[in-house]
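Beneath this line is the structure, given in structure tokens, with notes to follow.
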Amino acid sequence: IAEAVESLEIDAVINVQGDEPLIEPALIDELAEVIATGEWDMATAATPIEDKHQISDPSVVKAVFNRHGQALYFSRSTIPHIREPEGLPDPGVYWRHIGIYAYRRDYLLKLVAEPPCALENLEKLEQLRALDMGCRMKVIKTQDFGIGVDTPADIAKAEALLKQLED
């Protein structure tokens with residue numbers, strides 16, 4: 001993406017990753033509005049995890065952010081860890097990262113010029129390089145989550161959802 005926008009005179013770009021075939025157009029618009037403010041270097045999205053099995057699934061990337069929506073960390077591990085669980089945690093404790101990013105063009109070019117950091121190499125999550133660099137990354141909370149195609153088993157689920165949309 002950086003190569004594609006390097007010669008363009010644009011302020012921002014949005015990347016919908018290929019493993020997110022059912023992104024809602026309204027979410028793309030919302031990310032565009034956030035990145036257009038100029039307050040953030042990047043923006044992305046997360047949705048509440050409602051299936052308790054996904055909390056410990058390493059193919060489901062978890063997002064942690066502060067009260068202002070600024071990204072604090074992303075992990076394939078269960079985060080946050082609940083030290084003293086009393087039953088099930090409240091809804092909204094665990095958030096699934098959605099593979100969509102809005103970048104300020106200049107920040108994207110800076111990001112790709114940096115080598116991967118140690119955390120990125122460990123988790124295999126490119127957004128950790130941005131956080132390591134001090135990125136101001138906004139995480140938009142959304143309920144609009146189609147399906148993430150993270151494993152071969154997810155392909156059949158995505159195909160079934162796409163077929164339903166055709167009917």
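Letters A, B, ... mark the chains of the structure tokens in the order given; residue numbers begin at 1 per chain; ligand numbers begin at 1, in order shown.
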
To test your reading of the structure, identify every residue in chain A that backbone DSSP assigns to strand (DSSP E), and report it as an mmCIF file with all heavy atoms, in the first residue's frame.
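Output file out_10.cif is given in full below:
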data_model
loop_
_atom_site.group_PDB
_atom_site.id
_atom_site.type_symbol
_atom_site.label_atom_id
_atom_site.label_comp_id
_atom_site.auth_asym_id
_atom_site.auth_seq_id
_atom_site.Cartn_x
_atom_site.Cartn_y
_atom_site.Cartn_z
ATOM 1 N N ALA A 12 -4.554 10.547 3.222
ATOM 2 C CA ALA A 12 -4.803 9.323 3.974
ATOM 3 C C ALA A 12 -5.198 8.195 3.032
ATOM 4 O O ALA A 12 -5.570 8.431 1.878
ATOM 5 C CB ALA A 12 -5.918 9.559 4.995
ATOM 6 N N VAL A 13 -5.125 6.984 3.568
ATOM 7 C CA VAL A 13 -5.504 5.795 2.814
ATOM 8 C C VAL A 13 -6.136 4.799 3.780
ATOM 9 O O VAL A 13 -5.784 4.771 4.960
ATOM 10 C CB VAL A 13 -4.295 5.175 2.085
ATOM 11 C CG1 VAL A 13 -3.232 4.710 3.067
ATOM 12 C CG2 VAL A 13 -4.707 4.028 1.177
ATOM 13 N N ILE A 14 -7.090 4.011 3.276
ATOM 14 C CA ILE A 14 -7.714 2.966 4.090
ATOM 15 C C ILE A 14 -7.408 1.616 3.468
ATOM 16 O O ILE A 14 -7.578 1.438 2.256
ATOM 17 C CB ILE A 14 -9.235 3.183 4.215
ATOM 18 C CG1 ILE A 14 -9.488 4.484 4.986
ATOM 19 C CG2 ILE A 14 -9.900 1.996 4.914
ATOM 20 C CD1 ILE A 14 -10.927 4.857 5.159
ATOM 21 N N ASN A 15 -6.979 0.686 4.305
ATOM 22 C CA ASN A 15 -6.640 -0.664 3.888
ATOM 23 C C ASN A 15 -7.631 -1.638 4.519
ATOM 24 O O ASN A 15 -7.641 -1.802 5.735
ATOM 25 C CB ASN A 15 -5.209 -0.999 4.332
ATOM 26 C CG ASN A 15 -4.862 -2.463 4.146
ATOM 27 O OD1 ASN A 15 -5.484 -3.188 3.384
ATOM 28 N ND2 ASN A 15 -3.855 -2.906 4.877
ATOM 29 N N VAL A 16 -8.456 -2.261 3.684
ATOM 30 C CA VAL A 16 -9.325 -3.341 4.149
ATOM 31 C C VAL A 16 -8.581 -4.625 3.814
ATOM 32 O O VAL A 16 -8.367 -4.931 2.645
ATOM 33 C CB VAL A 16 -10.705 -3.330 3.444
ATOM 34 C CG1 VAL A 16 -11.554 -4.494 3.921
ATOM 35 C CG2 VAL A 16 -11.412 -2.008 3.677
ATOM 36 N N MET A 42 -3.050 6.669 12.815
ATOM 37 C CA MET A 42 -3.733 5.502 12.266
ATOM 38 C C MET A 42 -5.071 5.342 12.974
ATOM 39 O O MET A 42 -5.259 5.873 14.068
ATOM 40 C CB MET A 42 -2.923 4.217 12.513
ATOM 41 C CG MET A 42 -1.657 4.068 11.717
ATOM 42 S SD MET A 42 -0.720 2.560 12.184
ATOM 43 C CE MET A 42 -1.868 1.244 11.757
ATOM 44 N N ALA A 43 -5.947 4.555 12.364
ATOM 45 C CA ALA A 43 -7.199 4.165 13.009
ATOM 46 C C ALA A 43 -7.522 2.743 12.575
ATOM 47 O O ALA A 43 -7.147 2.313 11.477
ATOM 48 C CB ALA A 43 -8.333 5.112 12.624
ATOM 49 N N THR A 44 -8.194 2.027 13.446
ATOM 50 C CA THR A 44 -8.605 0.662 13.164
ATOM 51 C C THR A 44 -9.907 0.417 13.915
ATOM 52 O O THR A 44 -10.490 1.359 14.447
ATOM 53 C CB THR A 44 -7.490 -0.347 13.537
ATOM 54 O OG1 THR A 44 -7.824 -1.637 13.019
ATOM 55 C CG2 THR A 44 -7.236 -0.398 15.022
ATOM 56 N N ALA A 45 -10.369 -0.827 13.959
ATOM 57 C CA ALA A 45 -11.652 -1.105 14.593
ATOM 58 C C ALA A 45 -11.597 -2.402 15.392
ATOM 59 O O ALA A 45 -10.757 -3.267 15.145
ATOM 60 C CB ALA A 45 -12.752 -1.191 13.534
ATOM 61 N N ALA A 46 -12.510 -2.500 16.339
ATOM 62 C CA ALA A 46 -12.642 -3.704 17.158
ATOM 63 C C ALA A 46 -14.099 -3.907 17.505
ATOM 64 O O ALA A 46 -14.868 -2.947 17.581
ATOM 65 C CB ALA A 46 -11.794 -3.586 18.429
ATOM 66 N N THR A 47 -14.457 -5.158 17.721
ATOM 67 C CA THR A 47 -15.829 -5.522 18.064
ATOM 68 C C THR A 47 -15.809 -6.402 19.307
ATOM 69 O O THR A 47 -14.833 -7.138 19.518
ATOM 70 C CB THR A 47 -16.511 -6.246 16.871
ATOM 71 O OG1 THR A 47 -17.899 -6.375 17.133
ATOM 72 C CG2 THR A 47 -15.896 -7.605 16.603
ATOM 73 N N PRO A 48 -16.827 -6.325 20.148
ATOM 74 C CA PRO A 48 -16.828 -7.163 21.353
ATOM 75 C C PRO A 48 -16.771 -8.650 20.999
ATOM 76 O O PRO A 48 -17.398 -9.090 20.036
ATOM 77 C CB PRO A 48 -18.160 -6.830 22.028
ATOM 78 C CG PRO A 48 -18.599 -5.539 21.444
ATOM 79 C CD PRO A 48 -18.026 -5.491 20.061
ATOM 80 N N LYS A 62 -6.764 -9.890 19.845
ATOM 81 C CA LYS A 62 -7.452 -9.076 20.850
ATOM 82 C C LYS A 62 -6.851 -7.674 20.869
ATOM 83 O O LYS A 62 -5.655 -7.500 20.697
ATOM 84 C CB LYS A 62 -7.321 -9.708 22.240
ATOM 85 C CG LYS A 62 -8.352 -10.792 22.553
ATOM 86 C CD LYS A 62 -8.292 -12.014 21.673
ATOM 87 C CE LYS A 62 -7.194 -12.974 22.083
ATOM 88 N NZ LYS A 62 -7.118 -14.179 21.248
ATOM 89 N N ALA A 63 -7.710 -6.675 21.105
ATOM 90 C CA ALA A 63 -7.289 -5.279 21.169
ATOM 91 C C ALA A 63 -7.589 -4.732 22.558
ATOM 92 O O ALA A 63 -8.641 -5.021 23.129
ATOM 93 C CB ALA A 63 -8.042 -4.450 20.130
ATOM 94 N N VAL A 64 -6.663 -3.951 23.074
ATOM 95 C CA VAL A 64 -6.859 -3.248 24.336
ATOM 96 C C VAL A 64 -6.618 -1.770 24.056
ATOM 97 O O VAL A 64 -5.622 -1.397 23.416
ATOM 98 C CB VAL A 64 -5.898 -3.760 25.435
ATOM 99 C CG1 VAL A 64 -6.030 -2.935 26.698
ATOM 100 C CG2 VAL A 64 -6.157 -5.228 25.726
ATOM 101 N N PHE A 65 -7.529 -0.938 24.529
ATOM 102 C CA PHE A 65 -7.426 0.501 24.286
ATOM 103 C C PHE A 65 -7.926 1.251 25.499
ATOM 104 O O PHE A 65 -8.628 0.704 26.345
ATOM 105 C CB PHE A 65 -8.220 0.897 23.026
ATOM 106 C CG PHE A 65 -9.559 0.239 22.921
ATOM 107 C CD1 PHE A 65 -10.680 0.828 23.461
ATOM 108 C CD2 PHE A 65 -9.689 -0.988 22.286
ATOM 109 C CE1 PHE A 65 -11.924 0.221 23.377
ATOM 110 C CE2 PHE A 65 -10.932 -1.605 22.182
ATOM 111 C CZ PHE A 65 -12.050 -0.998 22.738
ATOM 112 N N ALA A 71 -5.240 2.960 21.078
ATOM 113 C CA ALA A 71 -4.733 1.597 21.186
ATOM 114 C C ALA A 71 -3.592 1.523 22.189
ATOM 115 O O ALA A 71 -2.693 2.366 22.194
ATOM 116 C CB ALA A 71 -4.235 1.119 19.823
ATOM 117 N N LEU A 72 -3.664 0.511 23.060
ATOM 118 C CA LEU A 72 -2.602 0.246 24.024
ATOM 119 C C LEU A 72 -1.794 -0.981 23.635
ATOM 120 O O LEU A 72 -0.581 -0.998 23.780
ATOM 121 C CB LEU A 72 -3.185 0.048 25.425
ATOM 122 C CG LEU A 72 -3.943 1.229 26.004
ATOM 123 C CD1 LEU A 72 -4.593 0.849 27.333
ATOM 124 C CD2 LEU A 72 -3.011 2.425 26.175
ATOM 125 N N TYR A 73 -2.491 -2.029 23.148
ATOM 126 C CA TYR A 73 -1.796 -3.249 22.765
ATOM 127 C C TYR A 73 -2.738 -4.149 21.973
ATOM 128 O O TYR A 73 -3.965 -4.055 22.102
ATOM 129 C CB TYR A 73 -1.279 -4.012 23.992
ATOM 130 C CG TYR A 73 -0.220 -5.043 23.639
ATOM 131 C CD1 TYR A 73 1.061 -4.658 23.255
ATOM 132 C CD2 TYR A 73 -0.514 -6.397 23.657
ATOM 133 C CE1 TYR A 73 2.025 -5.592 22.906
ATOM 134 C CE2 TYR A 73 0.447 -7.353 23.317
ATOM 135 C CZ TYR A 73 1.712 -6.934 22.943
ATOM 136 O OH TYR A 73 2.657 -7.859 22.589
ATOM 137 N N PHE A 74 -2.161 -5.016 21.160
ATOM 138 C CA PHE A 74 -2.860 -6.051 20.420
ATOM 139 C C PHE A 74 -2.133 -7.356 20.696
ATOM 140 O O PHE A 74 -0.907 -7.378 20.786
ATOM 141 C CB PHE A 74 -2.825 -5.777 18.915
ATOM 142 C CG PHE A 74 -3.511 -4.504 18.514
ATOM 143 C CD1 PHE A 74 -2.819 -3.305 18.504
ATOM 144 C CD2 PHE A 74 -4.845 -4.506 18.145
ATOM 145 C CE1 PHE A 74 -3.445 -2.122 18.135
ATOM 146 C CE2 PHE A 74 -5.487 -3.332 17.774
ATOM 147 C CZ PHE A 74 -4.788 -2.144 17.771
ATOM 148 N N SER A 75 -2.888 -8.447 20.821
ATOM 149 C CA SER A 75 -2.247 -9.724 21.114
ATOM 150 C C SER A 75 -3.083 -10.887 20.608
ATOM 151 O O SER A 75 -4.304 -10.808 20.529
ATOM 152 C CB SER A 75 -2.032 -9.880 22.619
ATOM 153 O OG SER A 75 -1.341 -11.095 22.900
ATOM 154 N N TRP A 95 -12.082 -7.524 23.254
ATOM 155 C CA TRP A 95 -12.374 -6.925 21.960
ATOM 156 C C TRP A 95 -11.568 -7.615 20.870
ATOM 157 O O TRP A 95 -10.364 -7.792 21.018
ATOM 158 C CB TRP A 95 -12.052 -5.432 21.973
ATOM 159 C CG TRP A 95 -12.996 -4.674 22.840
ATOM 160 C CD1 TRP A 95 -12.929 -4.509 24.192
ATOM 161 C CD2 TRP A 95 -14.182 -4.004 22.424
ATOM 162 N NE1 TRP A 95 -14.000 -3.789 24.639
ATOM 163 C CE2 TRP A 95 -14.779 -3.455 23.571
ATOM 164 C CE3 TRP A 95 -14.790 -3.816 21.185
ATOM 165 C CZ2 TRP A 95 -15.968 -2.726 23.512
ATOM 166 C CZ3 TRP A 95 -15.968 -3.093 21.126
ATOM 167 C CH2 TRP A 95 -16.538 -2.552 22.281
ATOM 168 N N ARG A 96 -12.246 -7.977 19.805
ATOM 169 C CA ARG A 96 -11.619 -8.598 18.645
ATOM 170 C C ARG A 96 -11.217 -7.512 17.663
ATOM 171 O O ARG A 96 -12.036 -6.675 17.266
ATOM 172 C CB ARG A 96 -12.611 -9.551 17.973
ATOM 173 C CG ARG A 96 -12.056 -10.182 16.716
ATOM 174 C CD ARG A 96 -13.143 -10.937 15.950
ATOM 175 N NE ARG A 96 -12.540 -11.620 14.844
ATOM 176 C CZ ARG A 96 -12.563 -12.939 14.683
ATOM 177 N NH1 ARG A 96 -13.195 -13.703 15.543
ATOM 178 N NH2 ARG A 96 -11.957 -13.493 13.664
ATOM 179 N N HIS A 97 -9.947 -7.540 17.276
ATOM 180 C CA HIS A 97 -9.473 -6.586 16.278
ATOM 181 C C HIS A 97 -10.015 -6.970 14.906
ATOM 182 O O HIS A 97 -10.087 -8.137 14.552
ATOM 183 C CB HIS A 97 -7.937 -6.575 16.248
ATOM 184 C CG HIS A 97 -7.398 -5.633 15.224
ATOM 185 N ND1 HIS A 97 -6.681 -6.062 14.136
ATOM 186 C CD2 HIS A 97 -7.505 -4.297 15.122
ATOM 187 C CE1 HIS A 97 -6.351 -5.013 13.407
ATOM 188 N NE2 HIS A 97 -6.850 -3.937 13.978
ATOM 189 N N ILE A 98 -10.409 -5.978 14.147
ATOM 190 C CA ILE A 98 -10.902 -6.172 12.780
ATOM 191 C C ILE A 98 -9.815 -5.686 11.827
ATOM 192 O O ILE A 98 -9.251 -4.608 12.018
ATOM 193 C CB ILE A 98 -12.219 -5.401 12.554
ATOM 194 C CG1 ILE A 98 -13.295 -5.915 13.523
ATOM 195 C CG2 ILE A 98 -12.678 -5.538 11.106
ATOM 196 C CD1 ILE A 98 -14.577 -5.106 13.499
ATOM 197 N N GLY A 99 -9.559 -6.463 10.795
ATOM 198 C CA GLY A 99 -8.461 -6.161 9.863
ATOM 199 C C GLY A 99 -8.760 -5.035 8.898
ATOM 200 O O GLY A 99 -8.906 -5.244 7.687
ATOM 201 N N ILE A 100 -8.845 -3.852 9.411
ATOM 202 C CA ILE A 100 -9.017 -2.653 8.591
ATOM 203 C C ILE A 100 -8.210 -1.536 9.247
ATOM 204 O O ILE A 100 -8.204 -1.405 10.472
ATOM 205 C CB ILE A 100 -10.512 -2.262 8.450
ATOM 206 C CG1 ILE A 100 -10.661 -1.068 7.506
ATOM 207 C CG2 ILE A 100 -11.175 -2.024 9.789
ATOM 208 C CD1 ILE A 100 -12.100 -0.774 7.104
ATOM 209 N N TYR A 101 -7.493 -0.779 8.419
ATOM 210 C CA TYR A 101 -6.663 0.308 8.933
ATOM 211 C C TYR A 101 -6.842 1.553 8.082
ATOM 212 O O TYR A 101 -6.922 1.467 6.856
ATOM 213 C CB TYR A 101 -5.172 -0.048 8.863
ATOM 214 C CG TYR A 101 -4.764 -1.197 9.730
ATOM 215 C CD1 TYR A 101 -4.642 -2.473 9.195
ATOM 216 C CD2 TYR A 101 -4.480 -1.014 11.071
ATOM 217 C CE1 TYR A 101 -4.251 -3.538 9.981
ATOM 218 C CE2 TYR A 101 -4.081 -2.076 11.866
ATOM 219 C CZ TYR A 101 -3.975 -3.333 11.309
ATOM 220 O OH TYR A 101 -3.587 -4.383 12.096
ATOM 221 N N ALA A 102 -6.862 2.688 8.744
ATOM 222 C CA ALA A 102 -6.752 3.980 8.074
ATOM 223 C C ALA A 102 -5.401 4.548 8.487
ATOM 224 O O ALA A 102 -5.017 4.468 9.659
ATOM 225 C CB ALA A 102 -7.875 4.913 8.504
ATOM 226 N N TYR A 103 -4.673 5.066 7.518
ATOM 227 C CA TYR A 103 -3.346 5.627 7.775
ATOM 228 C C TYR A 103 -3.275 7.059 7.266
ATOM 229 O O TYR A 103 -3.786 7.350 6.178
ATOM 230 C CB TYR A 103 -2.258 4.876 6.993
ATOM 231 C CG TYR A 103 -2.092 3.420 7.261
ATOM 232 C CD1 TYR A 103 -2.765 2.467 6.493
ATOM 233 C CD2 TYR A 103 -1.221 2.972 8.241
ATOM 234 C CE1 TYR A 103 -2.580 1.111 6.711
ATOM 235 C CE2 TYR A 103 -1.025 1.614 8.462
ATOM 236 C CZ TYR A 103 -1.705 0.696 7.689
ATOM 237 O OH TYR A 103 -1.516 -0.643 7.905
ATOM 238 N N ARG A 104 -2.598 7.913 7.992
ATOM 239 C CA ARG A 104 -2.132 9.163 7.414
ATOM 240 C C ARG A 104 -1.031 8.741 6.444
ATOM 241 O O ARG A 104 -0.188 7.905 6.774
ATOM 242 C CB ARG A 104 -1.559 10.107 8.472
ATOM 243 C CG ARG A 104 -2.475 10.450 9.618
ATOM 244 C CD ARG A 104 -3.562 11.452 9.348
ATOM 245 N NE ARG A 104 -3.097 12.606 8.612
ATOM 246 C CZ ARG A 104 -3.887 13.310 7.812
ATOM 247 N NH1 ARG A 104 -5.142 12.996 7.653
ATOM 248 N NH2 ARG A 104 -3.417 14.345 7.172
ATOM 249 N N MET A 137 -2.890 5.711 17.642
ATOM 250 C CA MET A 137 -3.813 4.866 16.889
ATOM 251 C C MET A 137 -5.173 4.821 17.578
ATOM 252 O O MET A 137 -5.285 4.397 18.715
ATOM 253 C CB MET A 137 -3.258 3.443 16.765
ATOM 254 C CG MET A 137 -4.080 2.539 15.868
ATOM 255 S SD MET A 137 -3.521 0.803 15.828
ATOM 256 C CE MET A 137 -1.779 0.920 15.586
ATOM 257 N N LYS A 138 -6.182 5.240 16.855
ATOM 258 C CA LYS A 138 -7.562 5.222 17.358
ATOM 259 C C LYS A 138 -8.186 3.868 17.056
ATOM 260 O O LYS A 138 -8.059 3.346 15.951
ATOM 261 C CB LYS A 138 -8.375 6.328 16.675
ATOM 262 C CG LYS A 138 -9.852 6.330 16.981
ATOM 263 C CD LYS A 138 -10.150 6.873 18.331
ATOM 264 C CE LYS A 138 -11.640 7.078 18.526
ATOM 265 N NZ LYS A 138 -11.966 7.632 19.810
ATOM 266 N N VAL A 139 -8.871 3.302 18.049
ATOM 267 C CA VAL A 139 -9.632 2.068 17.855
ATOM 268 C C VAL A 139 -11.113 2.420 17.954
ATOM 269 O O VAL A 139 -11.573 2.885 18.992
ATOM 270 C CB VAL A 139 -9.265 0.998 18.905
ATOM 271 C CG1 VAL A 139 -10.104 -0.261 18.691
ATOM 272 C CG2 VAL A 139 -7.777 0.665 18.863
ATOM 273 N N ILE A 140 -11.819 2.224 16.868
ATOM 274 C CA ILE A 140 -13.253 2.480 16.819
ATOM 275 C C ILE A 140 -13.986 1.229 17.299
ATOM 276 O O ILE A 140 -13.722 0.130 16.809
ATOM 277 C CB ILE A 140 -13.698 2.814 15.387
ATOM 278 C CG1 ILE A 140 -13.069 4.126 14.934
ATOM 279 C CG2 ILE A 140 -15.214 2.864 15.280
ATOM 280 C CD1 ILE A 140 -13.311 4.427 13.469
ATOM 281 N N LYS A 141 -14.894 1.403 18.240
ATOM 282 C CA LYS A 141 -15.740 0.297 18.679
ATOM 283 C C LYS A 141 -16.881 0.150 17.677
ATOM 284 O O LYS A 141 -17.517 1.137 17.317
ATOM 285 C CB LYS A 141 -16.335 0.583 20.050
ATOM 286 C CG LYS A 141 -15.346 0.693 21.166
ATOM 287 C CD LYS A 141 -16.120 0.975 22.446
ATOM 288 C CE LYS A 141 -15.254 1.393 23.581
ATOM 289 N NZ LYS A 141 -16.068 1.693 24.785
#

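Proximity ranking of A:Ala118, A:Ile49, A:Val93, A:Ile10 relative to Asn66 in chain A places A:Val93 first, based on only C-alpha atoms.
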
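Residues in contact with Pro116 in chain A at up to 10 Å, not including ones fewer than 2 positions away on its chain and judged by only C-alpha atoms, are A:Leu111, A:Val112, A:Ala113, A:Glu114, A:Ala118, A:Leu119, A:Glu120, A:Asn121, A:Lys124, A:Leu125, A:Glu126, A:Gln127, A:Leu128, A:Arg129, A:Ala130, A:Asp132.
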
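Of the listed residues (A:Ile79, A:Ile55, A:Ile35, A:Leu122), A:Ile35 comes nearest to Tyr107 in chain A; the distances count only C-alpha atoms.
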
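Nearest residue to Pro58 in chain A, choosing from A:Arg76, A:Gln70, A:Gly38, A:Ala4 and counting only C-alpha atoms: A:Arg76.
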
DSSP-assigned alpha helix (DSSP H) among range 3-127 of chain A, expressed as a PyMOL selection string: chain A and resi 3-5+25-36+105-113+118-123+127

Using only C-alpha atoms, please write the residues we just selected to a file, as a PDB file, in the first residue's frame.
ATOM      1  CA  GLU A   3       4.345   1.811  -2.628  1.00  0.00           C
ATOM      2  CA  ALA A   4       0.982   2.518  -4.232  1.00  0.00           C
ATOM      3  CA  VAL A   5       0.456   5.824  -2.393  1.00  0.00           C
ATOM      4  CA  PRO A  25     -19.177   0.330   4.177  1.00  0.00           C
ATOM      5  CA  ALA A  26     -20.299   2.515   7.119  1.00  0.00           C
ATOM      6  CA  LEU A  27     -17.232   1.362   9.080  1.00  0.00           C
ATOM      7  CA  ILE A  28     -14.969   2.446   6.216  1.00  0.00           C
ATOM      8  CA  ASP A  29     -16.685   5.847   6.246  1.00  0.00           C
ATOM      9  CA  GLU A  30     -16.243   6.141  10.016  1.00  0.00           C
ATOM     10  CA  LEU A  31     -12.534   5.372   9.777  1.00  0.00           C
ATOM     11  CA  ALA A  32     -12.202   7.939   6.999  1.00  0.00           C
ATOM     12  CA  GLU A  33     -13.806  10.571   9.217  1.00  0.00           C
ATOM     13  CA  VAL A  34     -11.492   9.746  12.131  1.00  0.00           C
ATOM     14  CA  ILE A  35      -8.295   9.866  10.079  1.00  0.00           C
ATOM     15  CA  ALA A  36      -9.405  13.066   8.318  1.00  0.00           C
ATOM     16  CA  ARG A 105      -0.096   8.826   4.215  1.00  0.00           C
ATOM     17  CA  ASP A 106       3.066  10.293   5.736  1.00  0.00           C
ATOM     18  CA  TYR A 107       2.796   8.021   8.763  1.00  0.00           C
ATOM     19  CA  LEU A 108       2.387   4.942   6.569  1.00  0.00           C
ATOM     20  CA  LEU A 109       5.578   5.822   4.690  1.00  0.00           C
ATOM     21  CA  LYS A 110       7.401   6.288   8.003  1.00  0.00           C
ATOM     22  CA  LEU A 111       6.004   2.980   9.309  1.00  0.00           C
ATOM     23  CA  VAL A 112       7.193   0.869   6.381  1.00  0.00           C
ATOM     24  CA  ALA A 113      10.654   2.426   6.564  1.00  0.00           C
ATOM     25  CA  ALA A 118      10.648  -7.488  18.735  1.00  0.00           C
ATOM     26  CA  LEU A 119       6.960  -7.574  19.728  1.00  0.00           C
ATOM     27  CA  GLU A 120       5.854  -7.647  16.091  1.00  0.00           C
ATOM     28  CA  ASN A 121       8.187 -10.570  15.444  1.00  0.00           C
ATOM     29  CA  LEU A 122       6.852 -12.451  18.479  1.00  0.00           C
ATOM     30  CA  GLU A 123       3.112 -11.894  17.926  1.00  0.00           C
ATOM     31  CA  GLN A 127       0.334  -2.940  14.237  1.00  0.00           C
TER      32      GLN A 127
END

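Here CA of Ser77 in chain A is placed at a distance of 12.3 Å from CA of His53 in chain A.
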
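Each of A:Asp11, A:Gly69, A:Glu6, A:Gln143 was checked against Thr37 in chain A using only C-alpha atoms; the smallest atom-to-atom distance is that of A:Asp11.
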
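Candidate residues A:Val61, A:Gly92, A:His68, A:Pro85 were compared for distance to Thr142 in chain A, and the nearest is A:Gly92, using only C-alpha atoms.
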